[in-house]
file run.txt (compact mmCIF, C-alpha atoms)
# COMPACT_ATOMS: atom_id res chain seq x y z
CA MET A 295 182.35 -36.95 -152.96
CA SER A 296 185.26 -36.06 -155.13
CA LEU A 297 187.15 -38.90 -156.67
CA PRO A 298 190.90 -38.95 -156.17
CA GLN A 299 192.51 -37.03 -159.00
CA PRO A 300 194.43 -39.09 -161.52
CA ALA A 301 198.17 -38.89 -161.05
CA VAL A 302 198.69 -37.49 -164.55
CA PRO A 303 200.23 -33.98 -164.25
CA PRO A 304 198.34 -31.24 -166.12
CA ALA A 305 199.77 -30.18 -169.44
CA SER A 306 201.06 -26.88 -168.05
CA PRO A 307 201.87 -26.78 -164.33
CA GLU A 308 199.92 -24.39 -162.13
CA PRO A 309 201.92 -21.19 -161.73
CA SER A 310 202.80 -20.32 -158.15
CA SER A 311 200.98 -17.56 -156.30
CA ALA A 312 204.21 -15.58 -156.28
CA ARG A 313 204.20 -15.64 -160.09
CA LEU A 314 200.64 -14.33 -160.21
CA VAL A 315 201.38 -11.56 -157.73
CA ALA A 316 204.56 -10.66 -159.58
CA THR A 317 202.72 -10.43 -162.91
CA LEU A 318 200.10 -8.08 -161.54
CA THR A 319 202.70 -6.01 -159.67
CA VAL A 320 204.77 -5.52 -162.78
CA ALA A 321 201.67 -4.67 -164.80
CA GLY A 322 200.56 -2.14 -162.20
CA LEU A 323 204.01 -0.61 -161.95
CA LEU A 324 204.44 -0.19 -165.70
CA SER A 325 200.94 1.17 -165.98
CA GLY A 326 201.66 3.76 -163.31
CA VAL A 327 204.84 4.87 -165.05
CA ALA A 328 203.03 5.16 -168.39
CA ILE A 329 200.20 7.21 -166.89
CA VAL A 330 202.52 9.59 -165.05
CA GLY A 331 204.54 10.03 -168.25
CA ALA A 332 201.46 10.84 -170.31
CA TRP A 333 200.24 13.24 -167.63
CA GLN A 334 203.56 15.09 -167.56
CA LEU A 335 203.56 15.40 -171.35
CA THR A 336 200.00 16.63 -171.72
CA LEU A 337 199.68 18.83 -168.62
CA PRO A 338 201.14 22.03 -170.16
CA ALA A 339 198.72 21.86 -173.09
CA ILE A 340 195.75 21.12 -170.83
CA THR A 341 196.57 24.02 -168.48
CA ALA A 342 197.08 26.36 -171.43
CA HIS A 343 193.71 25.36 -172.93
CA LYS A 344 191.92 26.01 -169.66
CA ALA A 345 193.56 29.39 -169.19
CA GLU A 346 192.79 30.37 -172.78
CA ALA A 347 189.15 29.29 -172.45
CA LEU A 348 188.83 31.40 -169.30
CA ARG A 349 190.44 34.41 -170.98
CA GLN A 350 188.05 34.14 -173.94
CA ALA A 351 185.09 33.91 -171.58
CA VAL A 352 186.17 36.95 -169.57
CA PHE A 353 186.75 39.06 -172.69
CA GLU A 354 183.37 38.00 -174.04
CA VAL A 355 181.36 39.02 -170.98
CA VAL A 356 183.23 42.31 -170.52
CA PRO A 357 183.20 43.80 -174.03
CA GLY A 358 186.27 45.81 -174.98
CA ALA A 359 188.56 44.21 -172.42
CA THR A 360 192.04 43.23 -173.56
CA THR A 361 193.73 42.20 -170.32
CA MET A 362 192.54 40.37 -167.25
CA GLN A 363 193.78 39.38 -163.85
CA PRO A 364 192.32 37.33 -161.02
CA LEU A 365 191.18 39.23 -157.93
CA HIS A 366 190.40 37.68 -154.59
CA TRP A 367 188.33 38.74 -151.62
CA THR A 368 190.38 38.66 -148.43
CA GLY A 369 187.37 39.05 -146.18
CA SER A 370 187.64 42.83 -146.00
CA ALA A 371 189.11 43.99 -149.30
CA LEU A 372 189.61 43.01 -152.92
CA GLU A 373 193.22 42.31 -153.87
CA ALA A 374 195.04 41.25 -157.02
CA GLY A 375 196.12 37.65 -157.37
CA GLU A 376 194.42 34.33 -156.76
CA GLY A 377 194.75 34.48 -153.00
CA PRO A 378 195.95 31.77 -150.62
CA ASP A 379 193.00 29.37 -150.93
CA GLY A 380 191.61 29.50 -154.43
CA GLY A 381 188.05 28.89 -153.26
CA ASP A 382 185.72 29.58 -156.18
CA ASP A 383 183.52 31.80 -154.08
CA ARG A 384 186.36 34.22 -153.39
CA ILE A 385 187.68 34.85 -156.92
CA VAL A 386 186.53 37.20 -159.64
CA TYR A 387 188.39 38.42 -162.69
CA GLY A 388 189.12 42.06 -163.32
CA ALA A 389 188.89 42.98 -167.01
CA TYR A 390 190.95 45.97 -168.15
CA ASP A 391 191.32 47.92 -171.39
CA ASP A 392 194.57 48.80 -173.17
CA SER A 393 195.35 51.70 -170.85
CA GLY A 394 195.03 49.48 -167.79
CA SER A 395 191.80 50.94 -166.40
CA LEU A 396 189.14 48.57 -165.22
CA LEU A 397 186.09 48.07 -167.46
CA GLY A 398 184.27 45.59 -165.28
CA TYR A 399 184.48 42.39 -163.31
CA ALA A 400 183.86 38.90 -164.66
CA ILE A 401 182.18 36.86 -161.94
CA PRO A 402 182.10 33.06 -162.17
CA ALA A 403 179.05 31.45 -160.57
CA GLU A 404 177.25 28.15 -160.51
CA GLY A 405 174.09 26.59 -159.21
CA PRO A 406 171.50 23.91 -159.85
CA GLY A 407 169.80 23.89 -163.24
CA PHE A 408 167.05 21.63 -164.55
CA GLN A 409 169.28 18.56 -164.86
CA ASP A 410 172.71 19.33 -163.47
CA THR A 411 174.82 22.18 -162.18
CA ILE A 412 174.97 25.15 -164.53
CA SER A 413 178.21 27.06 -164.36
CA LEU A 414 178.46 30.45 -165.99
CA ILE A 415 180.41 33.67 -165.95
CA PHE A 416 178.97 37.18 -166.22
CA GLY A 417 180.33 40.67 -166.62
CA PHE A 418 179.52 43.23 -163.94
CA GLU A 419 179.97 46.98 -164.24
CA PRO A 420 180.29 48.27 -160.65
CA ASP A 421 179.54 52.00 -161.12
CA ASP A 422 175.92 51.43 -162.15
CA ASP A 423 175.65 47.84 -160.87
CA MET A 424 174.87 46.67 -164.39
CA ILE A 425 175.34 43.22 -165.88
CA ILE A 426 177.10 43.67 -169.22
CA GLY A 427 177.40 40.12 -170.58
CA MET A 428 176.82 36.49 -169.71
CA ARG A 429 178.10 33.18 -170.96
CA VAL A 430 177.19 29.69 -169.81
CA LEU A 431 180.38 27.68 -169.38
CA GLU A 432 178.94 24.28 -168.60
CA SER A 433 175.43 22.87 -168.57
CA ARG A 434 173.60 19.66 -169.28
CA GLU A 435 170.16 21.13 -169.88
CA THR A 436 167.73 19.32 -172.17
CA PRO A 437 168.89 19.56 -175.80
CA GLY A 438 166.48 21.63 -177.84
CA LEU A 439 164.81 23.24 -174.82
CA GLY A 440 166.96 24.07 -171.80
CA ASP A 441 170.16 24.29 -173.81
CA LYS A 442 168.77 27.46 -175.39
CA ILE A 443 170.25 29.25 -172.36
CA VAL A 444 173.48 28.74 -174.33
CA LYS A 445 172.24 28.79 -177.93
CA ASP A 446 169.41 31.32 -177.96
CA ALA A 447 171.03 34.64 -178.89
CA ASP A 448 167.92 36.56 -177.79
CA PHE A 449 168.11 35.09 -174.31
CA VAL A 450 171.84 35.67 -173.95
CA ALA A 451 171.30 39.26 -175.13
CA ASN A 452 169.10 39.82 -172.05
CA PHE A 453 172.31 40.07 -170.10
CA ASP A 454 174.09 42.56 -172.33
CA HIS A 455 172.59 45.50 -170.49
CA LEU A 456 170.72 44.48 -167.38
CA ALA A 457 170.18 46.43 -164.18
CA THR A 458 170.59 44.51 -160.95
CA ARG A 459 168.68 46.99 -158.81
CA PRO A 460 166.19 46.50 -157.25
CA GLY A 461 166.59 42.84 -158.20
CA LEU A 462 166.37 40.57 -161.23
CA ALA A 463 162.97 39.35 -162.34
CA VAL A 464 161.95 36.83 -164.99
CA VAL A 465 159.08 37.75 -167.31
CA SER A 466 157.67 35.90 -170.31
CA LYS A 467 158.97 36.59 -173.76
CA GLY A 468 158.10 40.01 -175.13
CA ALA A 469 156.84 41.32 -171.77
CA LYS A 470 159.98 43.19 -170.73
CA THR A 471 159.26 46.74 -169.56
CA GLN A 472 161.88 47.34 -166.87
CA PRO A 473 165.68 47.37 -167.18
CA TYR A 474 166.02 44.65 -164.52
CA GLU A 475 163.68 42.17 -166.25
CA ILE A 476 164.79 39.08 -168.13
CA GLU A 477 162.70 37.54 -170.90
CA ALA A 478 162.48 33.81 -170.31
CA ILE A 479 162.81 31.26 -173.11
CA THR A 480 159.48 29.76 -174.11
CA GLY A 481 159.55 26.11 -173.07
CA ALA A 482 162.60 26.51 -170.88
CA THR A 483 161.27 28.53 -167.98
CA ILE A 484 163.05 26.45 -165.35
CA SER A 485 166.43 26.82 -167.02
CA SER A 486 165.85 30.57 -167.54
CA LYS A 487 164.95 30.99 -163.89
CA ALA A 488 167.92 28.90 -162.82
CA VAL A 489 170.31 31.18 -164.71
CA THR A 490 168.65 34.23 -163.18
CA ARG A 491 168.83 32.77 -159.69
CA ILE A 492 172.51 31.86 -160.06
CA ILE A 493 173.30 35.42 -161.17
CA SER A 494 171.16 36.99 -158.44
CA ASN A 495 172.95 34.97 -155.77
CA ALA A 496 176.35 35.93 -157.13
CA VAL A 497 175.38 39.61 -157.33
CA ALA A 498 174.14 39.43 -153.73
CA THR A 499 177.50 37.99 -152.66
CA TRP A 500 179.72 40.24 -154.72
CA GLY A 501 177.79 43.48 -155.25
CA GLU A 502 178.94 45.06 -152.03
CA ARG A 503 182.47 43.71 -152.21
CA LEU A 504 183.38 45.10 -155.62
CA PRO A 505 184.72 48.66 -155.57
CA ASP A 506 183.79 51.14 -158.32
CA ARG A 507 185.94 51.34 -161.42
CA GLN A 508 188.11 54.17 -160.10
CA ALA A 509 188.81 52.39 -156.83
CA ALA A 510 189.41 48.97 -158.34
CA PRO A 511 192.70 47.15 -157.70
CA ALA A 512 195.28 48.26 -160.27
CA LEU A 513 196.48 45.90 -162.95
CA VAL A 514 199.56 44.11 -161.61
CA ALA A 515 202.37 43.28 -164.06
CA PRO A 516 200.79 43.31 -167.54
CA ALA A 517 200.44 39.83 -168.95
CA PRO A 518 203.52 38.94 -171.04
CA SER A 519 203.15 38.98 -174.83
CA GLU A 520 199.42 39.06 -175.45
CA GLU A 521 198.54 37.11 -178.54
CA PRO A 522 197.19 39.23 -181.40
CA PRO A 523 193.41 38.88 -181.76
CA MET B 1150 195.57 -24.13 -190.95
CA ASN B 1151 195.21 -21.51 -193.65
CA PRO B 1152 197.11 -22.11 -196.85
CA ASN B 1153 197.51 -18.38 -197.60
CA PRO B 1154 198.86 -16.52 -194.55
CA PRO B 1155 198.83 -13.05 -196.20
CA ASP B 1156 195.13 -13.46 -196.97
CA GLU B 1157 194.57 -14.39 -193.37
CA THR B 1158 195.82 -10.99 -192.18
CA ALA B 1159 193.63 -9.17 -194.67
CA GLU B 1160 190.73 -11.37 -193.68
CA GLU B 1161 191.14 -10.54 -189.97
CA LEU B 1162 191.31 -6.86 -190.90
CA LEU B 1163 188.24 -6.86 -193.11
CA LYS B 1164 185.88 -9.01 -191.10
CA GLY B 1165 185.40 -6.39 -188.39
CA ILE B 1166 184.45 -3.63 -190.78
CA TRP B 1167 181.33 -5.21 -192.24
CA ARG B 1168 180.67 -8.96 -191.86
CA GLU B 1169 181.35 -9.06 -188.10
CA ASN B 1170 180.84 -5.36 -187.41
CA PRO B 1171 181.05 -4.98 -183.62
CA VAL B 1172 178.00 -2.75 -183.33
CA PHE B 1173 175.70 -3.73 -186.19
CA VAL B 1174 176.36 -7.48 -186.17
CA GLN B 1175 177.83 -8.43 -182.78
CA VAL B 1176 175.87 -5.68 -180.97
CA LEU B 1177 178.77 -4.98 -178.57
CA GLY B 1178 179.73 -1.74 -176.85
CA MET B 1179 176.19 -0.38 -176.70
CA CYS B 1180 176.88 2.12 -173.92
CA PRO B 1181 179.03 4.57 -175.93
CA THR B 1182 177.12 3.68 -179.09
CA LEU B 1183 173.90 5.08 -177.66
CA ALA B 1184 175.30 7.73 -175.34
CA VAL B 1185 177.71 9.79 -177.40
CA THR B 1186 176.31 9.54 -180.93
CA ASN B 1187 174.22 12.71 -180.65
CA SER B 1188 176.60 14.46 -183.03
CA ALA B 1189 178.96 13.31 -185.75
CA ILE B 1190 182.06 14.83 -184.21
CA ASN B 1191 181.43 13.20 -180.82
CA ALA B 1192 180.89 9.86 -182.51
CA LEU B 1193 184.05 10.20 -184.59
CA VAL B 1194 186.28 11.15 -181.66
CA MET B 1195 184.81 8.37 -179.52
CA GLY B 1196 185.34 5.87 -182.32
CA LEU B 1197 188.95 6.92 -182.88
CA ALA B 1198 189.72 6.86 -179.15
CA THR B 1199 188.32 3.33 -178.91
CA LEU B 1200 190.23 2.32 -182.03
CA SER B 1201 193.57 3.48 -180.61
CA VAL B 1202 192.97 1.86 -177.23
CA LEU B 1203 191.93 -1.37 -178.93
CA VAL B 1204 194.98 -1.50 -181.22
CA ALA B 1205 197.44 -0.66 -178.44
CA SER B 1206 195.90 -3.18 -176.02
CA SER B 1207 195.70 -5.96 -178.60
CA PHE B 1208 199.33 -5.39 -179.52
CA LEU B 1209 200.51 -5.64 -175.93
CA VAL B 1210 198.27 -8.53 -174.97
CA SER B 1211 199.32 -10.52 -178.01
CA LEU B 1212 202.99 -9.72 -177.39
CA LEU B 1213 202.79 -10.81 -173.75
CA ARG B 1214 200.36 -13.68 -174.26
CA SER B 1215 202.83 -16.39 -173.19
CA PHE B 1216 203.98 -14.47 -170.10
CA ILE B 1217 200.58 -13.77 -168.56
CA PRO B 1218 199.34 -16.66 -166.39
CA LYS B 1219 195.78 -17.50 -167.32
CA GLN B 1220 194.55 -17.13 -163.73
CA VAL B 1221 195.24 -13.38 -163.75
CA ARG B 1222 194.76 -12.69 -167.43
CA ILE B 1223 191.55 -10.68 -167.12
CA SER B 1224 193.00 -8.45 -164.40
CA THR B 1225 196.13 -7.91 -166.45
CA TYR B 1226 194.12 -7.09 -169.58
CA ILE B 1227 192.07 -4.58 -167.61
CA VAL B 1228 195.21 -2.91 -166.26
CA ILE B 1229 196.60 -2.68 -169.80
CA ILE B 1230 193.34 -1.33 -171.21
CA ALA B 1231 192.86 1.14 -168.35
CA THR B 1232 196.38 2.49 -168.88
CA PHE B 1233 195.76 3.19 -172.56
CA VAL B 1234 192.36 4.70 -171.82
CA THR B 1235 193.87 7.08 -169.27
CA VAL B 1236 196.55 8.09 -171.75
CA ALA B 1237 193.88 8.61 -174.43
CA ASP B 1238 191.90 10.71 -171.95
CA PHE B 1239 194.88 13.01 -171.36
CA VAL B 1240 195.67 13.28 -175.05
CA LEU B 1241 192.08 14.22 -175.94
CA GLN B 1242 192.00 16.76 -173.12
CA ALA B 1243 195.18 18.32 -174.48
CA THR B 1244 194.21 18.30 -178.17
CA VAL B 1245 190.42 18.64 -178.48
CA PRO B 1246 189.25 20.12 -175.14
CA ALA B 1247 185.78 21.05 -176.43
CA VAL B 1248 184.95 17.55 -177.61
CA HIS B 1249 186.54 16.06 -174.50
CA LYS B 1250 184.16 18.11 -172.39
CA GLU B 1251 181.17 16.84 -174.39
CA LEU B 1252 182.22 13.20 -174.07
CA GLY B 1253 182.93 13.58 -170.36
CA ALA B 1254 182.87 10.33 -168.43
CA PHE B 1255 182.38 8.22 -171.54
CA ILE B 1256 186.09 8.43 -172.35
CA SER B 1257 186.97 6.78 -169.04
CA LEU B 1258 184.20 4.27 -169.64
CA ILE B 1259 186.05 2.89 -172.69
CA VAL B 1260 187.75 0.68 -170.06
CA VAL B 1261 184.56 -1.29 -169.61
CA ASN B 1262 183.62 -1.39 -173.29
CA CYS B 1263 183.08 -5.12 -173.73
CA LEU B 1264 184.27 -4.86 -177.33
CA ILE B 1265 187.84 -4.21 -176.13
CA LEU B 1266 188.07 -6.86 -173.42
CA GLY B 1267 186.20 -9.22 -175.72
CA ARG B 1268 188.80 -8.92 -178.50
CA GLN B 1269 191.65 -9.47 -175.99
CA GLU B 1270 190.05 -12.62 -174.59
CA ALA B 1271 188.70 -14.00 -177.86
CA PHE B 1272 191.47 -13.06 -180.24
CA ALA B 1273 194.60 -11.17 -179.18
CA SER B 1274 195.51 -13.60 -176.37
CA LYS B 1275 195.48 -16.54 -178.81
CA ASN B 1276 197.01 -15.09 -181.96
CA PRO B 1277 200.35 -13.70 -183.12
CA VAL B 1278 200.94 -9.94 -182.98
CA LYS B 1279 200.36 -9.33 -186.69
CA LEU B 1280 196.94 -10.95 -186.72
CA ALA B 1281 195.98 -9.36 -183.41
CA ILE B 1282 196.75 -5.88 -184.74
CA ALA B 1283 194.89 -6.58 -187.99
CA ASP B 1284 191.88 -7.77 -186.00
CA ALA B 1285 192.02 -4.74 -183.70
CA ILE B 1286 192.27 -2.26 -186.58
CA GLY B 1287 189.39 -3.94 -188.38
CA MET B 1288 187.16 -4.01 -185.32
CA GLY B 1289 188.15 -0.43 -184.42
CA ILE B 1290 187.31 0.85 -187.89
CA GLY B 1291 184.06 -1.08 -187.81
CA PHE B 1292 183.18 0.46 -184.47
CA THR B 1293 184.11 3.97 -185.63
CA PHE B 1294 182.12 3.48 -188.84
CA ALA B 1295 179.07 2.35 -186.87
CA LEU B 1296 179.27 5.26 -184.44
CA LEU B 1297 179.77 7.70 -187.28
CA CYS B 1298 176.69 6.35 -189.12
CA LEU B 1299 174.56 6.77 -186.01
CA GLY B 1300 176.08 10.11 -185.09
CA SER B 1301 175.68 11.60 -188.57
CA LEU B 1302 172.08 10.44 -188.98
CA ARG B 1303 171.10 11.64 -185.52
CA GLU B 1304 172.81 15.00 -185.98
CA ILE B 1305 171.24 15.54 -189.41
CA LEU B 1306 167.74 14.76 -188.15
CA GLY B 1307 168.06 16.16 -184.64
CA SER B 1308 170.05 19.33 -185.25
CA GLY B 1309 169.79 19.83 -189.00
CA SER B 1310 173.56 19.93 -189.32
CA LEU B 1311 176.53 17.66 -189.95
CA PHE B 1312 179.85 18.17 -188.15
CA GLY B 1313 178.39 21.50 -187.00
CA PHE B 1314 177.67 22.77 -190.53
CA ASP B 1315 174.08 23.85 -191.03
CA LEU B 1316 172.48 21.77 -193.77
CA PHE B 1317 168.91 22.96 -194.18
CA GLY B 1318 168.94 26.63 -193.21
CA PRO B 1319 166.72 28.33 -190.63
CA GLY B 1320 163.46 26.91 -192.05
CA TYR B 1321 164.23 23.43 -190.74
CA GLU B 1322 162.57 22.47 -187.47
CA PRO B 1323 165.00 20.00 -185.84
CA TRP B 1324 163.64 16.63 -184.82
CA VAL B 1325 164.87 17.05 -181.26
CA VAL B 1326 164.03 13.53 -180.09
CA MET B 1327 166.82 12.18 -182.31
CA ILE B 1328 169.57 13.78 -180.20
CA LEU B 1329 167.89 12.71 -176.96
CA PRO B 1330 168.46 9.17 -175.61
CA PRO B 1331 165.27 7.70 -177.21
CA GLY B 1332 166.56 8.83 -180.60
CA GLY B 1333 169.65 6.68 -180.10
CA PHE B 1334 167.51 3.59 -179.55
CA ILE B 1335 165.21 4.38 -182.47
CA MET B 1336 168.08 4.98 -184.91
CA LEU B 1337 170.03 1.93 -183.74
CA GLY B 1338 166.90 -0.18 -184.09
CA LEU B 1339 166.34 0.99 -187.65
CA ILE B 1340 169.94 0.32 -188.62
CA LEU B 1341 169.90 -3.17 -187.04
CA LEU B 1342 166.67 -3.84 -188.93
CA PHE B 1343 168.44 -2.94 -192.16
CA PHE B 1344 171.42 -5.18 -191.38
CA ASN B 1345 169.21 -8.13 -190.46
CA GLN B 1346 167.17 -7.63 -193.64
CA VAL B 1347 170.34 -7.70 -195.70
CA ALA B 1348 171.53 -10.86 -193.94
CA ALA B 1349 168.15 -12.55 -194.41
CA TRP B 1350 168.00 -11.55 -198.06
CA ARG B 1351 171.49 -12.87 -198.63
CA ALA B 1352 170.68 -16.19 -196.96
CA ARG B 1353 167.55 -16.62 -199.12
CA HIS B 1354 169.51 -15.72 -202.22
CA GLN B 1355 172.17 -18.31 -201.45
CA ALA B 1356 169.63 -21.02 -200.69
CA ARG B 1357 167.92 -20.43 -204.02
CA ARG B 1358 171.20 -20.58 -205.89
CA GLN B 1359 172.05 -23.88 -204.24
CA GLN B 1360 168.65 -25.23 -205.21
CA GLU B 1361 169.13 -24.16 -208.79
CA ALA B 1362 172.57 -25.71 -208.88
CA ALA B 1363 171.27 -28.98 -207.46
call {"tool": "encode", "arguments": {"input": "run.txt", "output": "C-alpha cells"}}
result
Amino acid sequence: MSLPQPAVPPASPEPSSARLVATLTVAGLLSGVAIVGAWQLTLPAITAHKAEALRQAVFEVVPGATTMQPLHWTGSALEAGEGPDGGDDRIVYGAYDDSGSLLGYAIPAEGPGFQDTISLIFGFEPDDDMIIGMRVLESRETPGLGDKIVKDADFVANFDHLATRPGLAVVSKGAKTQPYEIEAITGATISSKAVTRIISNAVATWGERLPDRQAAPALVAPAPSEEPP
Amino acid sequence: MNPNPPDETAEELLKGIWRENPVFVQVLGMCPTLAVTNSAINALVMGLATLSVLVASSFLVSLLRSFIPKQVRISTYIVIIATFVTVADFVLQATVPAVHKELGAFISLIVVNCLILGRQEAFASKNPVKLAIADAIGMGIGFTFALLCLGSLREILGSGSLFGFDLFGPGYEPWVVMILPPGGFIMLGLILLFFNQVAAWRARHQARRQQEAA
C-alpha cells in the first residue's frame, strides 16, 4: 500500500540508464587500456627474471655448467630447442661447460607434496645414471618441518651424488648405507618421500630417453654475451 | 567547517597512522594482515602495495566524484581499484619476483581489501582531492606500519631473524607456531590488547583530570 509520491522532484534527478551504462563502459575501457599498457611495460622484465631464475637453477643442479639450452623429446629422439608444443613433460635442459661438451641434464619435475604441488629441478648425469644436484623451485610445505626440503642443507646434499639404480629408497637419518638411499628429514618424512617420488617418476620417464654425454645433442648457437659470474 | 584548512590536511594524514589505525583500531583488512605477515619483508611489500593502490584509487575517485552516478559508484570504484591492483601486481612481478612469489594470490586480493573500498566510500567520494590523498597516505602508512609490526615480531620469534638477517645465531630454537596461521592470530590479539589497554588508560586519565578540574 504505497502512498502516492509527493510531486516534489528529488534534489538531483535520477540519471538515465544510458548514463549508468556509459559510465561503466568508459571505466572498463580505460581500465583495459591501463592494464594492457602496464603489461607491455613490465613483460620484458618479468620474462628476463624467469629466464634468469631458470638459468641459475640449472647451473646449480649441474655443477660446473656455464651454458644451457632447452632440449625436447620428439617421441623418438632428443633434439635441441623447445619443440613445437612446450609441454613440461617433454622438455629438459642440457647443461654444458665452456668447451661446449655436455655435463648433464637438468630435469624439471613436479608432483604432490604434503600440502601442495612441489616443483623441483634436478641434475642428471647420463653415463652413470647419477643424480648430481637438486633444488626445489616451488613448495608450500609446512614452515619449520616440510620446508626443510628446501632449507636443510643435509637433505639437499643427499642429491649431490645419488645413484638411481636399482631405484631410490628413503631411509631414516643416519641409516644410509647404499649409494641409492636418501636420508629423510626427521619430522618431515612425507615431504622427503614426496621429493623422492617426484624424482623417481621423472627418472623413470627420462632415464631411457637421455643419451650419454658423448651422444648428447650438440650445443646450438652459443648464448649471446653471457653475463660474468 | 574547519577554521584552519592546512591543519585539516595534516589531520587527515595523521589520523590513519595512529589514532584511527586501520588494523589496530578499525580492525580492517584482516585477510592480508594475518596471511602475509609471516616475515617482515612480505609484510612491508604488502603494505607498500596496498598504500600505492589506496593513494591512486583515492585520487581518481575524488577527482571523478561528481561524474560517477551514485547508483554505479561501487562498481566503478571496484573497477578503478582492480586496475591499480593489476598494475601493482605486474610491477611487483617485474621488480621483486621472489617476494611476489611468496605473496602469491594475496596481491590480487588487495582488490577486496575492505580498507580500500571503505576509504573510497567513506572519504574519497565526499572530499576534495587534497584531503582524499592525505587520508589515503595516512591510512596506507598506518596499514604498512601495522603489517610491519606484526611481520617483524612474527619473524623474530618464528624464524629468529629480521628481514632475513639471523639475529640469535644457531643456538636459537625458532618458535615455529608464530609463522604459522595461529601465530598471526596470537600476535594480532596481543597487539590489539595493548592498543585497547592504552585507550582505556587514556580514557581513565582524562576522566580523572576532568574530575580534578571540576
call {"tool": "closest_residue", "arguments": {"input": "run.txt", "among": "A:Ile415, A:Val327, A:Leu372, A:Ala332", "to": "chain B", "atoms": "all atoms listed in the file"}}
result
A:Ala332
call {"tool": "atom_distance", "arguments": {"input": "run.txt", "atom1": "CA of His455 (chain A)", "atom2": "CA of Ser370 (chain A)"}}
result
28.9 Å
call {"tool": "residues_around", "arguments": {"input": "run.txt", "residues": "region 1239-1245 of chain B", "least_positions_apart": "6", "cutoff": "9 Å", "atoms": "only C-alpha atoms", "output": "ChimeraX atom specification"}}
result
/A:332-333,335-343 /B:1194,1198
call {"tool": "closest_residue", "arguments": {"input": "run.txt", "among": "B:Leu1203, B:Ala1283, B:Leu1264, B:Ala1348", "to": "Asp1156 (chain B)", "atoms": "only C-alpha atoms"}}
result
B:Ala1283
call {"tool": "axis_aligned_box", "arguments": {"input": "run.txt", "around": "region 489-507 of chain A", "padding_each_side": "8 Å", "output": "AutoDock Vina command-line options"}}
result
--center_x 177.3 --center_y 41.3 --center_z -158.4 --size_x 33.3 --size_y 36.2 --size_z 28.7
call {"tool": "interface_residues", "arguments": {"input": "run.txt", "of": "chain A", "to": "chain B", "cutoff": "12 Å", "atoms": "all atoms listed in the file", "output": "NGL selection string"}}
result
:A and (306-347 or 431-441)
call {"tool": "atom_distance", "arguments": {"input": "run.txt", "atom1": "CA of Ser1207 (chain B)", "atom2": "CA of Gln1269 (chain B)"}}
result
6.0 Å
call {"tool": "residues_around", "arguments": {"input": "run.txt", "residues": "region 1159-1162 of chain B", "least_positions_apart": "6", "cutoff": "12 Å", "atoms": "all atoms listed in the file", "output": "list in words"}}
result
Asn1151, Asn1153, Arg1168, Glu1169, Asn1170, Val1204, Arg1268, Phe1272, Ala1273, Asn1276, Pro1277, Lys1279, Leu1280, Ala1281, Ile1282, Ala1283, Asp1284, Ala1285, Ile1286, Gly1287, Met1288, Gly1289, Ile1290 and Gly1291 of chain B
call {"tool": "atom_distance", "arguments": {"input": "run.txt", "atom1": "CA of Asn1262 (chain B)", "atom2": "CA of Ala1295 (chain B)"}}
result
14.8 Å
call {"tool": "closest_residue", "arguments": {"input": "run.txt", "among": "A:Arg491, A:Lys467, A:Arg459, A:Lys445", "to": "Ala403 (chain A)", "atoms": "only C-alpha atoms"}}
result
A:Arg491
call {"tool": "closest_residue", "arguments": {"input": "run.txt", "among": "B:Gly1267, B:Leu1299, B:Val1248, B:Val1278", "to": "Ala1205 (chain B)", "atoms": "all atoms listed in the file"}}
result
B:Val1278
call {"tool": "residues_near_point", "arguments": {"input": "run.txt", "point": "(196.3, 41.1, -163.7)", "cutoff": "12 Å", "atoms": "only C-alpha atoms", "output": "PyMOL selection string"}}
result
chain A and resi 349+360-366+373-376+386-391+394-396+399+510-518
call {"tool": "residues_around", "arguments": {"input": "run.txt", "residues": "region 1334-1345 of chain B", "least_positions_apart": "6", "cutoff": "12 Å", "atoms": "only C-alpha atoms", "output": "PyMOL selection string"}}
result
chain B and resi 1167-1176+1179-1180+1182-1184+1186-1187+1295-1307+1326-1328+1351-1352
call {"tool": "write_last_selection", "arguments": {"input": "run.txt", "atoms": "C-alpha atoms", "output": "short mmCIF file (atom, residue, chain, number, x, y, z; two decimals), keeping the file's coordinate frame"}}
result
data_model
loop_
_atom_site.label_atom_id
_atom_site.label_comp_id
_atom_site.auth_asym_id
_atom_site.auth_seq_id
_atom_site.Cartn_x
_atom_site.Cartn_y
_atom_site.Cartn_z
CA TRP B 1167 181.33 -5.21 -192.24
CA ARG B 1168 180.67 -8.96 -191.86
CA GLU B 1169 181.35 -9.06 -188.10
CA ASN B 1170 180.84 -5.36 -187.41
CA PRO B 1171 181.05 -4.98 -183.62
CA VAL B 1172 178.00 -2.75 -183.33
CA PHE B 1173 175.70 -3.73 -186.19
CA VAL B 1174 176.36 -7.48 -186.17
CA GLN B 1175 177.83 -8.43 -182.78
CA VAL B 1176 175.87 -5.68 -180.97
CA MET B 1179 176.19 -0.38 -176.70
CA CYS B 1180 176.88 2.12 -173.92
CA THR B 1182 177.12 3.68 -179.09
CA LEU B 1183 173.90 5.08 -177.66
CA ALA B 1184 175.30 7.73 -175.34
CA THR B 1186 176.31 9.54 -180.93
CA ASN B 1187 174.22 12.71 -180.65
CA ALA B 1295 179.07 2.35 -186.87
CA LEU B 1296 179.27 5.26 -184.44
CA LEU B 1297 179.77 7.70 -187.28
CA CYS B 1298 176.69 6.35 -189.12
CA LEU B 1299 174.56 6.77 -186.01
CA GLY B 1300 176.08 10.11 -185.09
CA SER B 1301 175.68 11.60 -188.57
CA LEU B 1302 172.08 10.44 -188.98
CA ARG B 1303 171.10 11.64 -185.52
CA GLU B 1304 172.81 15.00 -185.98
CA ILE B 1305 171.24 15.54 -189.41
CA LEU B 1306 167.74 14.76 -188.15
CA GLY B 1307 168.06 16.16 -184.64
CA VAL B 1326 164.03 13.53 -180.09
CA MET B 1327 166.82 12.18 -182.31
CA ILE B 1328 169.57 13.78 -180.20
CA ARG B 1351 171.49 -12.87 -198.63
CA ALA B 1352 170.68 -16.19 -196.96
#
